[in-house]
Every structure is written in C-alpha cells, then in structure tokens.
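Undergrad: The file below is input.tsv, TSV, N, CA and C atoms:
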```tsv
chain	number	residue	atom	x	y	z
A	1	MET	N	-61.17	-7.91	-27.16
A	1	MET	CA	-60.24	-6.82	-27.41
A	1	MET	C	-59.74	-6.23	-26.10
A	2	LEU	N	-60.60	-6.08	-25.14
A	2	LEU	CA	-60.21	-5.56	-23.84
A	2	LEU	C	-59.18	-6.49	-23.19
A	3	TYR	N	-59.41	-7.81	-23.29
A	3	TYR	CA	-58.49	-8.78	-22.72
A	3	TYR	C	-57.12	-8.67	-23.42
A	4	TYR	N	-57.10	-8.52	-24.72
A	4	TYR	CA	-55.87	-8.41	-25.48
A	4	TYR	C	-55.10	-7.15	-25.09
A	5	THR	N	-55.79	-6.02	-24.93
A	5	THR	CA	-55.15	-4.77	-24.55
A	5	THR	C	-54.53	-4.91	-23.16
A	6	PHE	N	-55.27	-5.50	-22.22
A	6	PHE	CA	-54.77	-5.69	-20.87
A	6	PHE	C	-53.54	-6.60	-20.88
A	7	PHE	N	-53.63	-7.69	-21.64
A	7	PHE	CA	-52.53	-8.65	-21.72
A	7	PHE	C	-51.30	-7.98	-22.34
A	8	LYS	N	-51.50	-7.20	-23.37
A	8	LYS	CA	-50.40	-6.53	-24.05
A	8	LYS	C	-49.73	-5.53	-23.11
A	9	GLU	N	-50.51	-4.77	-22.32
A	9	GLU	CA	-49.94	-3.80	-21.39
A	9	GLU	C	-49.22	-4.52	-20.25
A	10	ALA	N	-49.78	-5.61	-19.78
A	10	ALA	CA	-49.15	-6.38	-18.70
A	10	ALA	C	-47.81	-6.95	-19.17
A	11	MET	N	-47.78	-7.46	-20.38
A	11	MET	CA	-46.55	-8.02	-20.92
A	11	MET	C	-45.49	-6.93	-21.11
A	12	ALA	N	-45.91	-5.73	-21.50
A	12	ALA	CA	-44.97	-4.64	-21.71
A	12	ALA	C	-44.31	-4.25	-20.39
A	13	VAL	N	-45.04	-4.35	-19.30
A	13	VAL	CA	-44.51	-3.97	-18.00
A	13	VAL	C	-43.57	-5.06	-17.46
A	14	THR	N	-43.93	-6.32	-17.64
A	14	THR	CA	-43.17	-7.39	-17.02
A	14	THR	C	-42.09	-7.99	-17.91
A	15	THR	N	-42.04	-7.65	-19.16
A	15	THR	CA	-41.01	-8.20	-20.04
A	15	THR	C	-39.67	-7.57	-19.68
A	16	PRO	N	-38.69	-8.39	-19.34
A	16	PRO	CA	-37.40	-7.82	-18.96
A	16	PRO	C	-36.73	-7.14	-20.15
A	17	GLN	N	-36.18	-6.01	-19.88
A	17	GLN	CA	-35.48	-5.25	-20.91
A	17	GLN	C	-34.02	-5.68	-20.92
A	18	PRO	N	-33.42	-5.69	-22.09
A	18	PRO	CA	-31.99	-6.02	-22.12
A	18	PRO	C	-31.20	-5.01	-21.29
A	19	GLN	N	-30.29	-5.49	-20.49
A	19	GLN	CA	-29.52	-4.61	-19.63
A	19	GLN	C	-28.14	-4.37	-20.21
A	20	LYS	N	-27.64	-3.18	-19.92
A	20	LYS	CA	-26.29	-2.86	-20.35
A	20	LYS	C	-25.31	-3.69	-19.55
A	21	PRO	N	-24.24	-4.11	-20.15
A	21	PRO	CA	-23.23	-4.87	-19.40
A	21	PRO	C	-22.66	-4.03	-18.26
A	22	GLN	N	-22.55	-4.63	-17.09
A	22	GLN	CA	-22.01	-3.94	-15.93
A	22	GLN	C	-20.49	-4.05	-15.93
A	23	PRO	N	-19.81	-3.02	-15.44
A	23	PRO	CA	-18.35	-3.12	-15.37
A	23	PRO	C	-17.94	-4.20	-14.38
A	24	ASP	N	-16.82	-4.82	-14.67
A	24	ASP	CA	-16.28	-5.86	-13.80
A	24	ASP	C	-15.74	-5.21	-12.53
A	25	ARG	N	-16.38	-5.48	-11.38
A	25	ARG	CA	-15.98	-4.86	-10.13
A	25	ARG	C	-15.19	-5.81	-9.22
A	26	ARG	N	-14.82	-6.95	-9.77
A	26	ARG	CA	-14.03	-7.89	-8.98
A	26	ARG	C	-12.63	-7.33	-8.78
A	27	PRO	N	-12.01	-7.63	-7.66
A	27	PRO	CA	-10.64	-7.14	-7.48
A	27	PRO	C	-9.70	-7.78	-8.49
A	28	HIS	N	-8.77	-6.99	-8.95
A	28	HIS	CA	-7.80	-7.47	-9.93
A	28	HIS	C	-6.48	-7.71	-9.22
A	29	LEU	N	-5.84	-8.79	-9.54
A	29	LEU	CA	-4.55	-9.10	-8.96
A	29	LEU	C	-3.45	-8.62	-9.90
A	30	ALA	N	-2.39	-8.15	-9.31
A	30	ALA	CA	-1.24	-7.71	-10.10
A	30	ALA	C	-0.04	-8.54	-9.71
A	31	GLN	N	0.79	-8.79	-10.65
A	31	GLN	CA	2.02	-9.53	-10.38
A	31	GLN	C	3.14	-8.52	-10.18
A	32	ILE	N	3.88	-8.70	-9.10
A	32	ILE	CA	5.00	-7.82	-8.81
A	32	ILE	C	6.27	-8.49	-9.31
A	33	HIS	N	7.01	-7.78	-10.15
A	33	HIS	CA	8.26	-8.30	-10.67
A	33	HIS	C	9.41	-7.67	-9.89
A	34	ILE	N	10.27	-8.51	-9.36
A	34	ILE	CA	11.38	-8.06	-8.54
A	34	ILE	C	12.68	-8.34	-9.28
A	35	ASN	N	13.56	-7.37	-9.26
A	35	ASN	CA	14.88	-7.53	-9.87
A	35	ASN	C	15.74	-8.36	-8.92
A	36	PRO	N	16.10	-9.59	-9.28
A	36	PRO	CA	16.85	-10.45	-8.37
A	36	PRO	C	18.25	-9.93	-8.05
A	37	GLU	N	18.78	-9.04	-8.88
A	37	GLU	CA	20.11	-8.50	-8.63
A	37	GLU	C	20.10	-7.40	-7.57
A	38	ASN	N	18.93	-6.93	-7.17
A	38	ASN	CA	18.82	-5.79	-6.27
A	38	ASN	C	18.10	-6.18	-4.98
A	39	GLN	N	18.34	-7.38	-4.48
A	39	GLN	CA	17.60	-7.86	-3.32
A	39	GLN	C	18.40	-7.95	-2.04
A	40	THR	N	19.65	-7.51	-2.06
A	40	THR	CA	20.46	-7.55	-0.85
A	40	THR	C	19.87	-6.57	0.16
A	41	PRO	N	19.55	-7.04	1.37
A	41	PRO	CA	19.00	-6.12	2.38
A	41	PRO	C	20.03	-5.04	2.74
A	42	GLU	N	19.56	-3.82	2.86
A	42	GLU	CA	20.46	-2.74	3.27
A	42	GLU	C	19.72	-1.76	4.17
A	43	THR	N	20.48	-1.15	5.04
A	43	THR	CA	19.95	-0.14	5.96
A	43	THR	C	20.76	1.13	5.78
A	44	ILE	N	20.06	2.24	5.66
A	44	ILE	CA	20.69	3.55	5.52
A	44	ILE	C	20.34	4.36	6.76
A	45	HIS	N	21.34	4.85	7.45
A	45	HIS	CA	21.16	5.69	8.63
A	45	HIS	C	21.51	7.12	8.24
A	46	LEU	N	20.60	8.04	8.47
A	46	LEU	CA	20.83	9.45	8.13
A	46	LEU	C	20.57	10.33	9.35
A	47	THR	N	21.33	11.40	9.44
A	47	THR	CA	21.10	12.39	10.48
A	47	THR	C	20.79	13.71	9.80
A	48	VAL	N	19.64	14.27	10.14
A	48	VAL	CA	19.21	15.54	9.58
A	48	VAL	C	19.05	16.51	10.74
A	49	THR	N	19.73	17.65	10.67
A	49	THR	CA	19.73	18.60	11.79
A	49	THR	C	18.80	19.79	11.56
A	50	ASP	N	18.13	19.84	10.45
A	50	ASP	CA	17.22	20.95	10.13
A	50	ASP	C	16.08	21.00	11.14
A	51	ASP	N	15.78	22.19	11.66
A	51	ASP	CA	14.70	22.35	12.65
A	51	ASP	C	13.33	22.03	12.07
A	52	GLY	N	13.14	22.24	10.79
A	52	GLY	CA	11.85	21.99	10.15
A	52	GLY	C	11.68	20.55	9.66
A	53	PHE	N	12.60	19.68	10.04
A	53	PHE	CA	12.54	18.29	9.58
A	53	PHE	C	11.40	17.56	10.29
A	54	ASP	N	10.42	17.12	9.50
A	54	ASP	CA	9.26	16.43	10.06
A	54	ASP	C	9.00	15.14	9.29
A	55	PHE	N	7.90	14.45	9.63
A	55	PHE	CA	7.60	13.17	9.02
A	55	PHE	C	7.40	13.29	7.52
A	56	SER	N	6.69	14.30	7.06
A	56	SER	CA	6.45	14.47	5.62
A	56	SER	C	7.75	14.66	4.85
A	57	THR	N	8.64	15.45	5.39
A	57	THR	CA	9.93	15.66	4.75
A	57	THR	C	10.73	14.37	4.72
A	58	ALA	N	10.72	13.64	5.84
A	58	ALA	CA	11.44	12.37	5.91
A	58	ALA	C	10.88	11.38	4.90
A	59	LYS	N	9.57	11.31	4.78
A	59	LYS	CA	8.95	10.38	3.84
A	59	LYS	C	9.35	10.73	2.40
A	60	GLN	N	9.34	12.00	2.08
A	60	GLN	CA	9.73	12.42	0.73
A	60	GLN	C	11.20	12.08	0.46
A	61	MET	N	12.05	12.32	1.44
A	61	MET	CA	13.46	11.98	1.28
A	61	MET	C	13.65	10.47	1.13
A	62	ALA	N	12.90	9.69	1.90
A	62	ALA	CA	12.99	8.22	1.81
A	62	ALA	C	12.58	7.76	0.42
A	63	LYS	N	11.51	8.34	-0.11
A	63	LYS	CA	11.06	7.98	-1.46
A	63	LYS	C	12.15	8.28	-2.49
A	64	GLU	N	12.73	9.47	-2.40
A	64	GLU	CA	13.76	9.87	-3.36
A	64	GLU	C	14.97	8.94	-3.28
A	65	MET	N	15.38	8.59	-2.07
A	65	MET	CA	16.52	7.69	-1.91
A	65	MET	C	16.19	6.30	-2.44
A	66	ALA	N	14.96	5.84	-2.19
A	66	ALA	CA	14.56	4.52	-2.67
A	66	ALA	C	14.55	4.48	-4.20
A	67	PHE	N	14.11	5.56	-4.84
A	67	PHE	CA	14.12	5.61	-6.31
A	67	PHE	C	15.54	5.62	-6.86
A	68	GLU	N	16.50	6.07	-6.08
A	68	GLU	CA	17.90	6.00	-6.51
A	68	GLU	C	18.40	4.56	-6.49
A	69	LYS	N	17.79	3.73	-5.65
A	69	LYS	CA	18.21	2.33	-5.50
A	69	LYS	C	17.52	1.39	-6.48
A	70	CYS	N	16.30	1.74	-6.90
A	70	CYS	CA	15.56	0.86	-7.81
A	70	CYS	C	14.50	1.67	-8.57
A	71	ASP	N	13.88	1.04	-9.55
A	71	ASP	CA	12.92	1.73	-10.41
A	71	ASP	C	11.53	1.86	-9.80
A	72	ALA	N	11.15	0.92	-8.94
A	72	ALA	CA	9.78	0.92	-8.42
A	72	ALA	C	9.75	0.50	-6.96
A	73	PRO	N	10.19	1.37	-6.06
A	73	PRO	CA	10.16	1.02	-4.64
A	73	PRO	C	8.74	1.10	-4.07
A	74	MET	N	8.52	0.33	-3.02
A	74	MET	CA	7.21	0.35	-2.36
A	74	MET	C	7.44	0.45	-0.85
A	75	ILE	N	6.94	1.52	-0.23
A	75	ILE	CA	7.03	1.64	1.23
A	75	ILE	C	6.04	0.66	1.83
A	76	LEU	N	6.55	-0.30	2.57
A	76	LEU	CA	5.70	-1.33	3.17
A	76	LEU	C	5.24	-0.95	4.57
A	77	SER	N	6.12	-0.31	5.33
A	77	SER	CA	5.74	0.11	6.67
A	77	SER	C	6.62	1.28	7.10
A	78	TRP	N	6.18	1.96	8.16
A	78	TRP	CA	6.94	3.08	8.68
A	78	TRP	C	6.62	3.28	10.15
A	79	LYS	N	7.51	4.02	10.82
A	79	LYS	CA	7.32	4.35	12.23
A	79	LYS	C	7.73	5.79	12.44
A	80	ASN	N	6.85	6.56	13.09
A	80	ASN	CA	7.14	7.92	13.49
A	80	ASN	C	7.31	7.89	15.01
A	81	ASN	N	8.54	7.83	15.47
A	81	ASN	CA	8.78	7.73	16.92
A	81	ASN	C	8.53	9.04	17.66
A	82	LYS	N	8.40	10.13	16.94
A	82	LYS	CA	8.08	11.40	17.61
A	82	LYS	C	6.64	11.41	18.10
A	83	THR	N	5.75	10.72	17.36
A	83	THR	CA	4.33	10.69	17.74
A	83	THR	C	3.90	9.31	18.23
A	84	GLY	N	4.71	8.29	17.96
A	84	GLY	CA	4.34	6.93	18.32
A	84	GLY	C	3.51	6.23	17.26
A	85	GLU	N	3.20	6.93	16.17
A	85	GLU	CA	2.40	6.33	15.10
A	85	GLU	C	3.23	5.38	14.27
A	86	SER	N	2.55	4.36	13.71
A	86	SER	CA	3.21	3.44	12.79
A	86	SER	C	2.18	2.94	11.79
A	87	TYR	N	2.68	2.41	10.68
A	87	TYR	CA	1.83	1.78	9.69
A	87	TYR	C	2.46	0.45	9.31
A	88	PRO	N	1.71	-0.60	9.29
A	88	PRO	CA	0.31	-0.67	9.70
A	88	PRO	C	0.18	-0.61	11.22
A	89	ASP	N	-0.87	0.02	11.66
A	89	ASP	CA	-1.14	0.20	13.08
A	89	ASP	C	-2.01	-0.96	13.55
A	90	TYR	N	-1.37	-2.06	13.83
A	90	TYR	CA	-2.10	-3.29	14.14
A	90	TYR	C	-1.21	-4.15	15.02
A	91	GLU	N	-1.79	-4.86	15.91
A	91	GLU	CA	-1.04	-5.80	16.75
A	91	GLU	C	-1.56	-7.20	16.49
A	92	CYS	N	-0.66	-8.12	16.34
A	92	CYS	CA	-1.04	-9.49	16.04
A	92	CYS	C	-0.11	-10.43	16.80
A	93	GLY	N	-0.66	-11.14	17.75
A	93	GLY	CA	0.14	-12.09	18.50
A	93	GLY	C	1.12	-11.42	19.43
A	94	VAL	N	1.90	-12.21	20.08
A	94	VAL	CA	2.90	-11.71	21.01
A	94	VAL	C	4.27	-11.92	20.36
A	95	SER	N	5.06	-10.87	20.37
A	95	SER	CA	6.37	-10.99	19.74
A	95	SER	C	7.32	-10.01	20.40
A	96	ASP	N	8.60	-10.26	20.20
A	96	ASP	CA	9.62	-9.35	20.72
A	96	ASP	C	9.85	-8.16	19.79
A	97	ARG	N	9.23	-8.17	18.60
A	97	ARG	CA	9.38	-7.08	17.65
A	97	ARG	C	8.01	-6.51	17.30
A	98	PRO	N	7.92	-5.20	17.05
A	98	PRO	CA	6.64	-4.58	16.70
A	98	PRO	C	6.07	-5.16	15.40
A	99	PHE	N	4.75	-5.10	15.29
A	99	PHE	CA	4.08	-5.66	14.12
A	99	PHE	C	4.50	-4.98	12.83
A	100	TRP	N	4.70	-3.66	12.85
A	100	TRP	CA	5.03	-2.96	11.60
A	100	TRP	C	6.35	-3.47	11.02
A	101	ILE	N	7.26	-3.92	11.87
A	101	ILE	CA	8.52	-4.50	11.38
A	101	ILE	C	8.27	-5.89	10.83
A	102	ARG	N	7.54	-6.71	11.57
A	102	ARG	CA	7.25	-8.07	11.10
A	102	ARG	C	6.45	-8.04	9.81
A	103	TYR	N	5.52	-7.09	9.69
A	103	TYR	CA	4.70	-6.93	8.49
A	103	TYR	C	5.60	-6.70	7.27
A	104	ALA	N	6.53	-5.74	7.38
A	104	ALA	CA	7.39	-5.41	6.25
A	104	ALA	C	8.34	-6.55	5.92
A	105	GLU	N	8.92	-7.16	6.94
A	105	GLU	CA	9.84	-8.26	6.69
A	105	GLU	C	9.13	-9.44	6.03
A	106	GLY	N	7.90	-9.69	6.46
A	106	GLY	CA	7.12	-10.78	5.88
A	106	GLY	C	6.75	-10.54	4.42
A	107	ARG	N	6.83	-9.31	3.98
A	107	ARG	CA	6.52	-8.98	2.59
A	107	ARG	C	7.76	-8.65	1.77
A	108	GLY	N	8.91	-8.95	2.35
A	108	GLY	CA	10.15	-8.85	1.58
A	108	GLY	C	10.91	-7.54	1.67
A	109	ALA	N	10.64	-6.71	2.68
A	109	ALA	CA	11.36	-5.44	2.79
A	109	ALA	C	12.86	-5.68	2.75
A	110	ASN	N	13.54	-4.93	1.91
A	110	ASN	CA	14.98	-5.12	1.77
A	110	ASN	C	15.74	-3.79	1.79
A	111	LEU	N	15.05	-2.72	2.14
A	111	LEU	CA	15.70	-1.42	2.31
A	111	LEU	C	15.05	-0.73	3.50
A	112	THR	N	15.87	-0.41	4.49
A	112	THR	CA	15.38	0.33	5.66
A	112	THR	C	16.09	1.66	5.68
A	113	ILE	N	15.34	2.73	5.79
A	113	ILE	CA	15.90	4.08	5.87
A	113	ILE	C	15.53	4.63	7.24
A	114	ASP	N	16.54	4.92	8.03
A	114	ASP	CA	16.39	5.35	9.42
A	114	ASP	C	16.91	6.77	9.54
A	115	PHE	N	16.03	7.68	9.95
A	115	PHE	CA	16.41	9.07	10.14
A	115	PHE	C	16.60	9.37	11.62
A	116	ASN	N	17.70	10.00	11.95
A	116	ASN	CA	17.97	10.50	13.30
A	116	ASN	C	17.81	9.43	14.38
A	117	ASP	N	18.48	8.33	14.19
A	117	ASP	CA	18.48	7.23	15.17
A	117	ASP	C	17.08	6.78	15.58
A	118	GLY	N	16.22	6.62	14.59
A	118	GLY	CA	14.90	6.05	14.85
A	118	GLY	C	13.76	7.04	14.96
A	119	ASP	N	14.00	8.33	14.77
A	119	ASP	CA	12.87	9.28	14.80
A	119	ASP	C	11.84	8.91	13.74
A	120	PHE	N	12.32	8.62	12.54
A	120	PHE	CA	11.46	8.20	11.42
A	120	PHE	C	12.14	7.02	10.75
A	121	VAL	N	11.42	5.90	10.60
A	121	VAL	CA	11.97	4.71	9.98
A	121	VAL	C	11.01	4.24	8.89
A	122	PHE	N	11.56	3.94	7.71
A	122	PHE	CA	10.77	3.48	6.58
A	122	PHE	C	11.33	2.13	6.11
A	123	MET	N	10.47	1.14	5.96
A	123	MET	CA	10.88	-0.17	5.44
A	123	MET	C	10.29	-0.32	4.05
A	124	ILE	N	11.15	-0.59	3.09
A	124	ILE	CA	10.81	-0.48	1.67
A	124	ILE	C	11.16	-1.78	0.95
A	125	LEU	N	10.35	-2.10	-0.04
A	125	LEU	CA	10.63	-3.21	-0.94
A	125	LEU	C	11.22	-2.65	-2.21
A	126	LYS	N	12.47	-3.03	-2.52
A	126	LYS	CA	13.10	-2.61	-3.78
A	126	LYS	C	12.64	-3.61	-4.85
A	127	MET	N	12.06	-3.11	-5.92
A	127	MET	CA	11.59	-3.99	-6.99
A	127	MET	C	12.33	-3.68	-8.27
```
Please express the file's structure as structure tokens.
TA:
Amino acid sequence: MLYYTFFKEAMAVTTPQPQKPQPDRRPHLAQIHINPENQTPETIHLTVTDDGFDFSTAKQMAKEMAFEKCDAPMILSWKNNKTGESYPDYECGVSDRPFWIRYAEGRGANLTIDFNDGDFVFMILKM
C-alpha cells in the first residue's frame, strides 16, 4: 500500500497536464494592393512662411495631401534638413544619393512632398 501511494503521488506530479493552446506569435505577412492607375511619380513643392512651421506640422500636412491623392498612402522615408535627421537613419554602401532616398525608391515611392526647398521632404507610396 505504501508503494502504491508513493507511485500514485509520483505519477500525479510527473503526468503532463493538457496545456492551453498558445497564440500564434509568428509574424504575419500582408499583401499590399496598389492602384495601377495612380502610380505616376509626382513631386509637390510647397513653400510655407509660417514662423511656427516645424517637422510635425509638415508631416501632418504631407499626410493630408497624400490622402487627397490616394486612399492608403504610406510614408516610406523622410528628411528633416533643419536637424539633419532622416528615416531610415542607416547607411549602406557607397552611393551618390542618401540611403533614405534609395530606400524609398526601392520600395516604390511615387509621391515626394518637399517643403521650403528641402527643409522637410517626405517620400510616399501611393496605394
């Protein structure tokens, strides 16, 4: 009886319990649908003279203008020439053009919005 009790307790401890299913944590891929009628590359040059005009305001204006051009724009890269910051902030290889431009062009950027002769530049994919 002692052996049976010990065996029963040992089995209770080591018997695996059914586990709850874990959520799927693998990355999910999405398909981007592009309107083929709206793929002509275009550049918009704007001059804003407001003293309070900053990067945040320029980004918001760029978004609004991009939504006027298509239903689902995506900012691929940008440059803030007032601070020298850019996205993506990465250098790859040697080239005559900055990486943030090559990055956006390589991903299909077809709308460039340039504020104040390059103070703020946004490269956008019209979808």
Undergrad: Pick from A:Phe120, A:Asn110, A:Pro27, A:Met127: nearest to Pro41 (chain A), with all atoms listed in the file counted?
TA: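 Looking at the shortest contact to Pro41 (chain A), the residue is A:Asn110.
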Undergrad: What separation in Å, quoted to one decimal, exists between CA of Ile44 (chain A) and CA of Met65 (chain A)?
TA: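 Separation between CA of Ile44 (chain A) and CA of Met65 (chain A): 9.5 Å.
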Undergrad: How many Å separate atom C of Pro88 (chain A) from atom N of Arg25 (chain A)?
TA: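 About the pair atom C of Pro88 (chain A) and atom N of Arg25 (chain A): they are 28.4 Å apart.
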Undergrad: Restricting the calculation to all atoms listed in the file: of A:Asp117, A:Asn38, A:Phe99, A:Tyr90, which residue gets closest to Lys69 (chain A)?
TA: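 Of A:Asp117, A:Asn38, A:Phe99, A:Tyr90, the one nearest Lys69 (chain A) is A:Asn38, counting all atoms listed in the file.
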Undergrad: Excluding Ile124 (chain A) and its own-chain neighbours fewer than 5 positions away, which residues fall within 7 Å of it when counting all atoms listed in the file? Please give them as number ranges by chain.
TA: A: 73-77, 104, 108-113
Undergrad: Between atom N of Gly84 (chain A) and CA of Trp100 (chain A), what distance in Å does the model show, to one decimal?
TA: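 Taking atom N of Gly84 (chain A) as the start and CA of Trp100 (chain A) as the end point, the length is 12.9 Å.
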Undergrad: Give the alpha helix (DSSP H) residues of region 18-65 of chain A, as assigned by DSSP on the backbone, as a ChimeraX atom specification.
TA: /A:55-65
Undergrad: Return as a list in words the full set of residues in region 11-127 of chain A whose backbone-based DSSP assignment is strand (DSSP E).
TA: Glu42, Thr43, Ile44, His45, Leu46, Met74, Ile75, Leu76, Ser77, Trp78, Lys79, Asn80, Glu85, Ser86, Tyr87, Leu111, Thr112, Ile113, Asp114, Phe115, Phe120, Val121, Phe122, Met123, Ile124 and Leu125 of chain A
Undergrad: Considering only C-alpha atoms, state which residue in the set A:Gly52, A:Pro36, A:Gly106, A:Gly93 is at the smallest distance from Lys126 (chain A).
TA: A:Pro36
Undergrad: Give me the box for region 99-108 of chain A as lines of an AutoDock Vina configuration file, namely the centre and edge lengths in Å to one decimal of a box along x, y and z that holds every listed atom plus 4 Å on each side.
TA:
```
center_x = 7.5
center_y = -6.9
center_z = 8.4
size_x = 14.8
size_y = 15.8
size_z = 21.7
```
Undergrad: Every residue with an atom at most 5 Å from (19.3, 7.4, 8.1) (file coordinates; all atoms listed in the file) is what I'm after, so could you write them as a ChimeraX atom specification?
TA: /A:44-47,113-116
